[in-house]
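A.B. asks: File work-v9.pdb follows (PDB, C-alpha atoms):
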ATOM      1  CA  MET A   1      44.207 -52.270 -30.934
ATOM      2  CA  ARG A   2      40.882 -53.901 -30.063
ATOM      3  CA  GLY A   3      38.679 -52.684 -27.272
ATOM      4  CA  SER A   4      38.060 -54.409 -23.997
ATOM      5  CA  LEU A   5      35.526 -57.196 -23.576
ATOM      6  CA  GLU A   6      33.076 -54.684 -22.121
ATOM      7  CA  GLN A   7      33.509 -52.378 -25.123
ATOM      8  CA  MET A   8      32.970 -55.271 -27.526
ATOM      9  CA  MET A   9      29.749 -56.274 -25.752
ATOM     10  CA  SER A  10      28.551 -52.663 -25.761
ATOM     11  CA  GLN A  11      29.107 -52.551 -29.528
ATOM     12  CA  LEU A  12      26.936 -55.660 -29.864
ATOM     13  CA  LYS A  13      24.078 -53.869 -28.143
ATOM     14  CA  THR A  14      24.391 -50.760 -30.300
ATOM     15  CA  THR A  15      24.696 -52.640 -33.596
ATOM     16  CA  GLY A  16      21.998 -55.198 -32.779
ATOM     17  CA  ARG A  17      24.216 -58.200 -33.606
ATOM     18  CA  LYS A  18      23.236 -61.430 -31.894
ATOM     19  CA  ASP A  19      26.477 -63.415 -32.231
ATOM     20  CA  PHE A  20      29.574 -62.779 -30.192
ATOM     21  CA  PRO A  21      32.774 -64.516 -31.304
ATOM     22  CA  LEU A  22      34.319 -66.236 -28.321
ATOM     23  CA  ILE A  23      37.048 -68.756 -27.605
ATOM     24  CA  VAL A  24      36.421 -70.851 -24.491
ATOM     25  CA  LYS A  25      39.150 -72.986 -22.914
ATOM     26  CA  ALA A  26      38.628 -75.207 -19.864
ATOM     27  CA  ASP A  27      40.773 -77.455 -17.713
ATOM     28  CA  VAL A  28      38.865 -80.691 -18.368
ATOM     29  CA  GLN A  29      36.261 -81.950 -20.820
ATOM     30  CA  GLY A  30      33.549 -82.208 -18.166
ATOM     31  CA  SER A  31      33.898 -78.533 -17.259
ATOM     32  CA  LEU A  32      33.870 -77.553 -20.925
ATOM     33  CA  GLU A  33      30.701 -79.559 -21.574
ATOM     34  CA  ALA A  34      28.995 -77.915 -18.578
ATOM     35  CA  ILE A  35      29.957 -74.425 -19.773
ATOM     36  CA  LEU A  36      28.809 -75.093 -23.312
ATOM     37  CA  GLY A  37      25.617 -76.700 -22.034
ATOM     38  CA  LEU A  38      24.768 -73.592 -20.039
ATOM     39  CA  ALA A  39      25.568 -71.371 -23.002
ATOM     40  CA  GLY A  40      23.320 -73.461 -25.231
ATOM     41  CA  LYS A  41      20.433 -73.221 -22.766
ATOM     42  CA  THR A  42      20.708 -69.464 -22.415
ATOM     43  CA  ARG A  43      20.977 -68.838 -26.159
ATOM     44  CA  HIS A  44      17.410 -69.318 -27.385
ATOM     45  CA  ARG A  45      17.202 -72.826 -25.878
ATOM     46  CA  ARG A  46      19.687 -74.287 -28.343
ATOM     47  CA  LYS A  47      21.483 -77.451 -27.298
ATOM     48  CA  SER A  48      24.804 -76.452 -28.885
ATOM     49  CA  PRO A  49      27.000 -73.390 -28.407
ATOM     50  CA  PRO A  50      26.695 -70.494 -30.853
ATOM     51  CA  ALA A  51      28.387 -71.100 -34.201
ATOM     52  CA  SER A  52      30.767 -68.218 -33.565
ATOM     53  CA  TRP A  53      32.351 -70.028 -30.611
ATOM     54  CA  HIS A  54      35.440 -72.185 -30.548
ATOM     55  CA  ALA A  55      35.987 -74.363 -27.497
ATOM     56  CA  GLY A  56      38.709 -76.673 -26.300
ATOM     57  CA  VAL A  57      40.457 -78.238 -23.328
ATOM     58  CA  GLY A  58      43.897 -77.164 -22.131
ATOM     59  CA  GLY A  59      45.891 -73.999 -21.652
ATOM     60  CA  ILE A  60      45.459 -70.967 -23.862
ATOM     61  CA  SER A  61      47.951 -71.272 -26.705
ATOM     62  CA  GLU A  62      49.367 -68.982 -29.381
ATOM     63  CA  SER A  63      47.002 -70.705 -31.830
ATOM     64  CA  ASP A  64      44.052 -69.575 -29.726
ATOM     65  CA  VAL A  65      45.353 -65.997 -29.773
ATOM     66  CA  THR A  66      45.832 -66.119 -33.544
ATOM     67  CA  LEU A  67      42.296 -67.464 -33.955
ATOM     68  CA  ALA A  68      40.925 -64.745 -31.679
ATOM     69  CA  GLU A  69      42.716 -62.094 -33.684
ATOM     70  CA  GLY A  70      41.372 -63.415 -36.980
ATOM     71  CA  PHE A  71      37.772 -63.566 -35.777
ATOM     72  CA  ASN A  72      37.925 -60.515 -33.501
ATOM     73  CA  ALA A  73      37.020 -62.815 -30.617
ATOM     74  CA  ALA A  74      37.551 -62.684 -26.889
ATOM     75  CA  ILE A  75      39.243 -65.535 -25.011
ATOM     76  CA  ILE A  76      37.845 -66.860 -21.753
ATOM     77  CA  GLY A  77      39.629 -69.550 -19.772
ATOM     78  CA  PHE A  78      38.153 -71.603 -16.936
ATOM     79  CA  ASN A  79      40.784 -72.954 -14.538
ATOM     80  CA  VAL A  80      43.474 -72.563 -17.204
ATOM     81  CA  ARG A  81      46.265 -70.086 -17.838
ATOM     82  CA  ALA A  82      47.691 -68.706 -21.004
ATOM     83  CA  HIS A  83      51.050 -70.136 -22.033
ATOM     84  CA  LYS A  84      53.840 -67.564 -21.729
ATOM     85  CA  GLU A  85      54.102 -67.124 -25.500
ATOM     86  CA  ALA A  86      50.325 -66.817 -25.840
ATOM     87  CA  ALA A  87      50.134 -64.144 -23.146
ATOM     88  CA  ALA A  88      52.864 -62.156 -24.904
ATOM     89  CA  ALA A  89      51.130 -62.495 -28.286
ATOM     90  CA  ALA A  90      47.794 -61.452 -26.778
ATOM     91  CA  LYS A  91      49.328 -58.376 -25.196
ATOM     92  CA  ARG A  92      51.129 -57.482 -28.427
ATOM     93  CA  ASN A  93      47.955 -57.874 -30.519
ATOM     94  CA  GLY A  94      45.467 -56.353 -28.074
ATOM     95  CA  ILE A  95      43.586 -59.595 -27.412
ATOM     96  CA  GLU A  96      41.902 -59.718 -24.020
ATOM     97  CA  ILE A  97      42.212 -62.965 -22.068
ATOM     98  CA  ARG A  98      40.005 -63.526 -19.041
TER      99      ARG A  98
END
Take the structure in this file and express it as structure tokens.

C.D. replies:
Amino acid sequence: MRGSLEQMMSQLKTTGRKDFPLIVKADVQGSLEAILGLAGKTRHRRKSPPASWHAGVGGISESDVTLAEGFNAAIIGFNVRAHKEAAAAAKRNGIEIR
């Protein structure tokens, strides 16, 4: 089972890695663009999100959980919920959804 989001971030600090795999889901495209814009500005003044990110609009699906598992990524949703099946898959596979 994977660690929590806090444990994953702590590992980043200890290993010196600069990329953090993340899946971002938002309720509408405008919100997603704002989130990604802020992330791009805070990450070395880049205009695009880090390459290790996947982003989309809509609820958190089983596909998102499968992707997170494959890339050892965290899932963060903004004004969205995980579909019932996705929540069950995340719990079963130790994927943290916030």

A.B. asks: Applied to this file, what does the PyMOL selection byres ((chain A and resi 61) around 6) return in terms of residues, put as a VMD selection string?

C.D. replies: chain A and resid 60 62 to 64 83 86

A.B. asks: Rank A:Ala88, A:Ile95, A:Val57, A:Ala74 by their smallest atom-to-atom distance to Ser31 of chain A, using all atoms listed in the file, and report the top residue only.

C.D. replies: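 Selected residue with least distance to Ser31 of chain A: A:Val57.
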
A.B. asks: Please determine, counting all atoms listed in the file, which residue among A:Arg98, A:Trp53, A:Arg81, A:Val28 has the shortest atom-to-atom distance to Glu6 of chain A.

C.D. replies: A:Arg98

A.B. asks: Give me, as an MDAnalysis selection string, all polymer residues having an atom no more than 8 Å from Leu22 of chain A, counting only C-alpha atoms and skipping those fewer than 2 positions away in the same chain.

C.D. replies: chainID A and resid 20 24 52:54 68 73:76

A.B. asks: Please compute the atom CA of Lys25 of chain A-atom CA of Val80 of chain A distance, one decimal, in Å.

C.D. replies: 7.2 Å

A.B. asks: Grab the atom CA of Gly30 of chain A to atom CA of Met9 of chain A distance for me, in Å with one decimal place.

C.D. replies: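 Interatomic distance here is 27.3 Å.
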
A.B. asks: Of the residues A:Ile97, A:Ala55, A:Ala90, A:Thr66, which is the one nearest to Ala34 of chain A, using all atoms listed in the file?

C.D. replies: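 Ranked by minimum distance to Ala34 of chain A, first place goes to A:Ala55.
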
A.B. asks: Separation of atom CA of Leu38 of chain A and atom CA of Gly56 of chain A, in Å?

C.D. replies: 15.6 Å

A.B. asks: Output requested as a PDB file, in the frame of the given file - segment 68-85 of chain A, filled out with N, CA, C and O atoms.

C.D. replies:
ATOM      1  N   ALA A  68      41.673 -65.868 -32.239  1.00  0.00           N
ATOM      2  CA  ALA A  68      40.925 -64.745 -31.679  1.00  0.00           C
ATOM      3  C   ALA A  68      41.165 -63.477 -32.485  1.00  0.00           C
ATOM      4  O   ALA A  68      40.238 -62.703 -32.746  1.00  0.00           O
ATOM      5  N   GLU A  69      42.389 -63.282 -32.895  1.00  0.00           N
ATOM      6  CA  GLU A  69      42.716 -62.094 -33.684  1.00  0.00           C
ATOM      7  C   GLU A  69      42.004 -62.130 -35.035  1.00  0.00           C
ATOM      8  O   GLU A  69      41.429 -61.136 -35.471  1.00  0.00           O
ATOM      9  N   GLY A  70      42.002 -63.274 -35.669  1.00  0.00           N
ATOM     10  CA  GLY A  70      41.372 -63.415 -36.980  1.00  0.00           C
ATOM     11  C   GLY A  70      39.873 -63.235 -36.958  1.00  0.00           C
ATOM     12  O   GLY A  70      39.284 -62.708 -37.906  1.00  0.00           O
ATOM     13  N   PHE A  71      39.231 -63.650 -35.866  1.00  0.00           N
ATOM     14  CA  PHE A  71      37.772 -63.566 -35.777  1.00  0.00           C
ATOM     15  C   PHE A  71      37.301 -62.440 -34.870  1.00  0.00           C
ATOM     16  O   PHE A  71      36.124 -62.346 -34.563  1.00  0.00           O
ATOM     17  N   ASN A  72      38.250 -61.615 -34.411  1.00  0.00           N
ATOM     18  CA  ASN A  72      37.925 -60.515 -33.501  1.00  0.00           C
ATOM     19  C   ASN A  72      37.163 -61.043 -32.281  1.00  0.00           C
ATOM     20  O   ASN A  72      36.129 -60.514 -31.891  1.00  0.00           O
ATOM     21  N   ALA A  73      37.680 -62.126 -31.730  1.00  0.00           N
ATOM     22  CA  ALA A  73      37.020 -62.815 -30.617  1.00  0.00           C
ATOM     23  C   ALA A  73      37.714 -62.531 -29.294  1.00  0.00           C
ATOM     24  O   ALA A  73      38.888 -62.166 -29.253  1.00  0.00           O
ATOM     25  N   ALA A  74      36.982 -62.726 -28.228  1.00  0.00           N
ATOM     26  CA  ALA A  74      37.551 -62.684 -26.889  1.00  0.00           C
ATOM     27  C   ALA A  74      37.936 -64.102 -26.489  1.00  0.00           C
ATOM     28  O   ALA A  74      37.420 -65.074 -27.042  1.00  0.00           O
ATOM     29  N   ILE A  75      38.837 -64.225 -25.521  1.00  0.00           N
ATOM     30  CA  ILE A  75      39.243 -65.535 -25.011  1.00  0.00           C
ATOM     31  C   ILE A  75      38.893 -65.597 -23.530  1.00  0.00           C
ATOM     32  O   ILE A  75      39.265 -64.712 -22.761  1.00  0.00           O
ATOM     33  N   ILE A  76      38.177 -66.651 -23.157  1.00  0.00           N
ATOM     34  CA  ILE A  76      37.845 -66.860 -21.753  1.00  0.00           C
ATOM     35  C   ILE A  76      38.329 -68.245 -21.346  1.00  0.00           C
ATOM     36  O   ILE A  76      38.013 -69.239 -22.005  1.00  0.00           O
ATOM     37  N   GLY A  77      39.112 -68.291 -20.284  1.00  0.00           N
ATOM     38  CA  GLY A  77      39.629 -69.550 -19.772  1.00  0.00           C
ATOM     39  C   GLY A  77      39.036 -69.872 -18.410  1.00  0.00           C
ATOM     40  O   GLY A  77      38.891 -68.988 -17.575  1.00  0.00           O
ATOM     41  N   PHE A  78      38.692 -71.133 -18.206  1.00  0.00           N
ATOM     42  CA  PHE A  78      38.153 -71.603 -16.936  1.00  0.00           C
ATOM     43  C   PHE A  78      39.152 -72.576 -16.326  1.00  0.00           C
ATOM     44  O   PHE A  78      39.354 -73.662 -16.855  1.00  0.00           O
ATOM     45  N   ASN A  79      39.771 -72.161 -15.227  1.00  0.00           N
ATOM     46  CA  ASN A  79      40.784 -72.954 -14.538  1.00  0.00           C
ATOM     47  C   ASN A  79      41.977 -73.288 -15.425  1.00  0.00           C
ATOM     48  O   ASN A  79      42.590 -74.350 -15.279  1.00  0.00           O
ATOM     49  N   VAL A  80      42.291 -72.405 -16.356  1.00  0.00           N
ATOM     50  CA  VAL A  80      43.474 -72.563 -17.204  1.00  0.00           C
ATOM     51  C   VAL A  80      44.203 -71.224 -17.277  1.00  0.00           C
ATOM     52  O   VAL A  80      43.614 -70.173 -17.037  1.00  0.00           O
ATOM     53  N   ARG A  81      45.452 -71.292 -17.641  1.00  0.00           N
ATOM     54  CA  ARG A  81      46.265 -70.086 -17.838  1.00  0.00           C
ATOM     55  C   ARG A  81      46.739 -70.042 -19.280  1.00  0.00           C
ATOM     56  O   ARG A  81      46.803 -71.059 -19.954  1.00  0.00           O
ATOM     57  N   ALA A  82      47.096 -68.858 -19.679  1.00  0.00           N
ATOM     58  CA  ALA A  82      47.691 -68.706 -21.004  1.00  0.00           C
ATOM     59  C   ALA A  82      49.156 -69.110 -20.926  1.00  0.00           C
ATOM     60  O   ALA A  82      49.849 -68.790 -19.956  1.00  0.00           O
ATOM     61  N   HIS A  83      49.627 -69.834 -21.942  1.00  0.00           N
ATOM     62  CA  HIS A  83      51.050 -70.136 -22.033  1.00  0.00           C
ATOM     63  C   HIS A  83      51.795 -68.812 -22.146  1.00  0.00           C
ATOM     64  O   HIS A  83      51.237 -67.808 -22.615  1.00  0.00           O
ATOM     65  N   LYS A  84      53.037 -68.784 -21.739  1.00  0.00           N
ATOM     66  CA  LYS A  84      53.840 -67.564 -21.729  1.00  0.00           C
ATOM     67  C   LYS A  84      53.844 -66.884 -23.096  1.00  0.00           C
ATOM     68  O   LYS A  84      53.648 -65.676 -23.205  1.00  0.00           O
ATOM     69  N   GLU A  85      54.056 -67.673 -24.142  1.00  0.00           N
ATOM     70  CA  GLU A  85      54.102 -67.124 -25.500  1.00  0.00           C
ATOM     71  C   GLU A  85      52.739 -66.572 -25.923  1.00  0.00           C
ATOM     72  O   GLU A  85      52.642 -65.572 -26.612  1.00  0.00           O
TER      73      GLU A  85
END
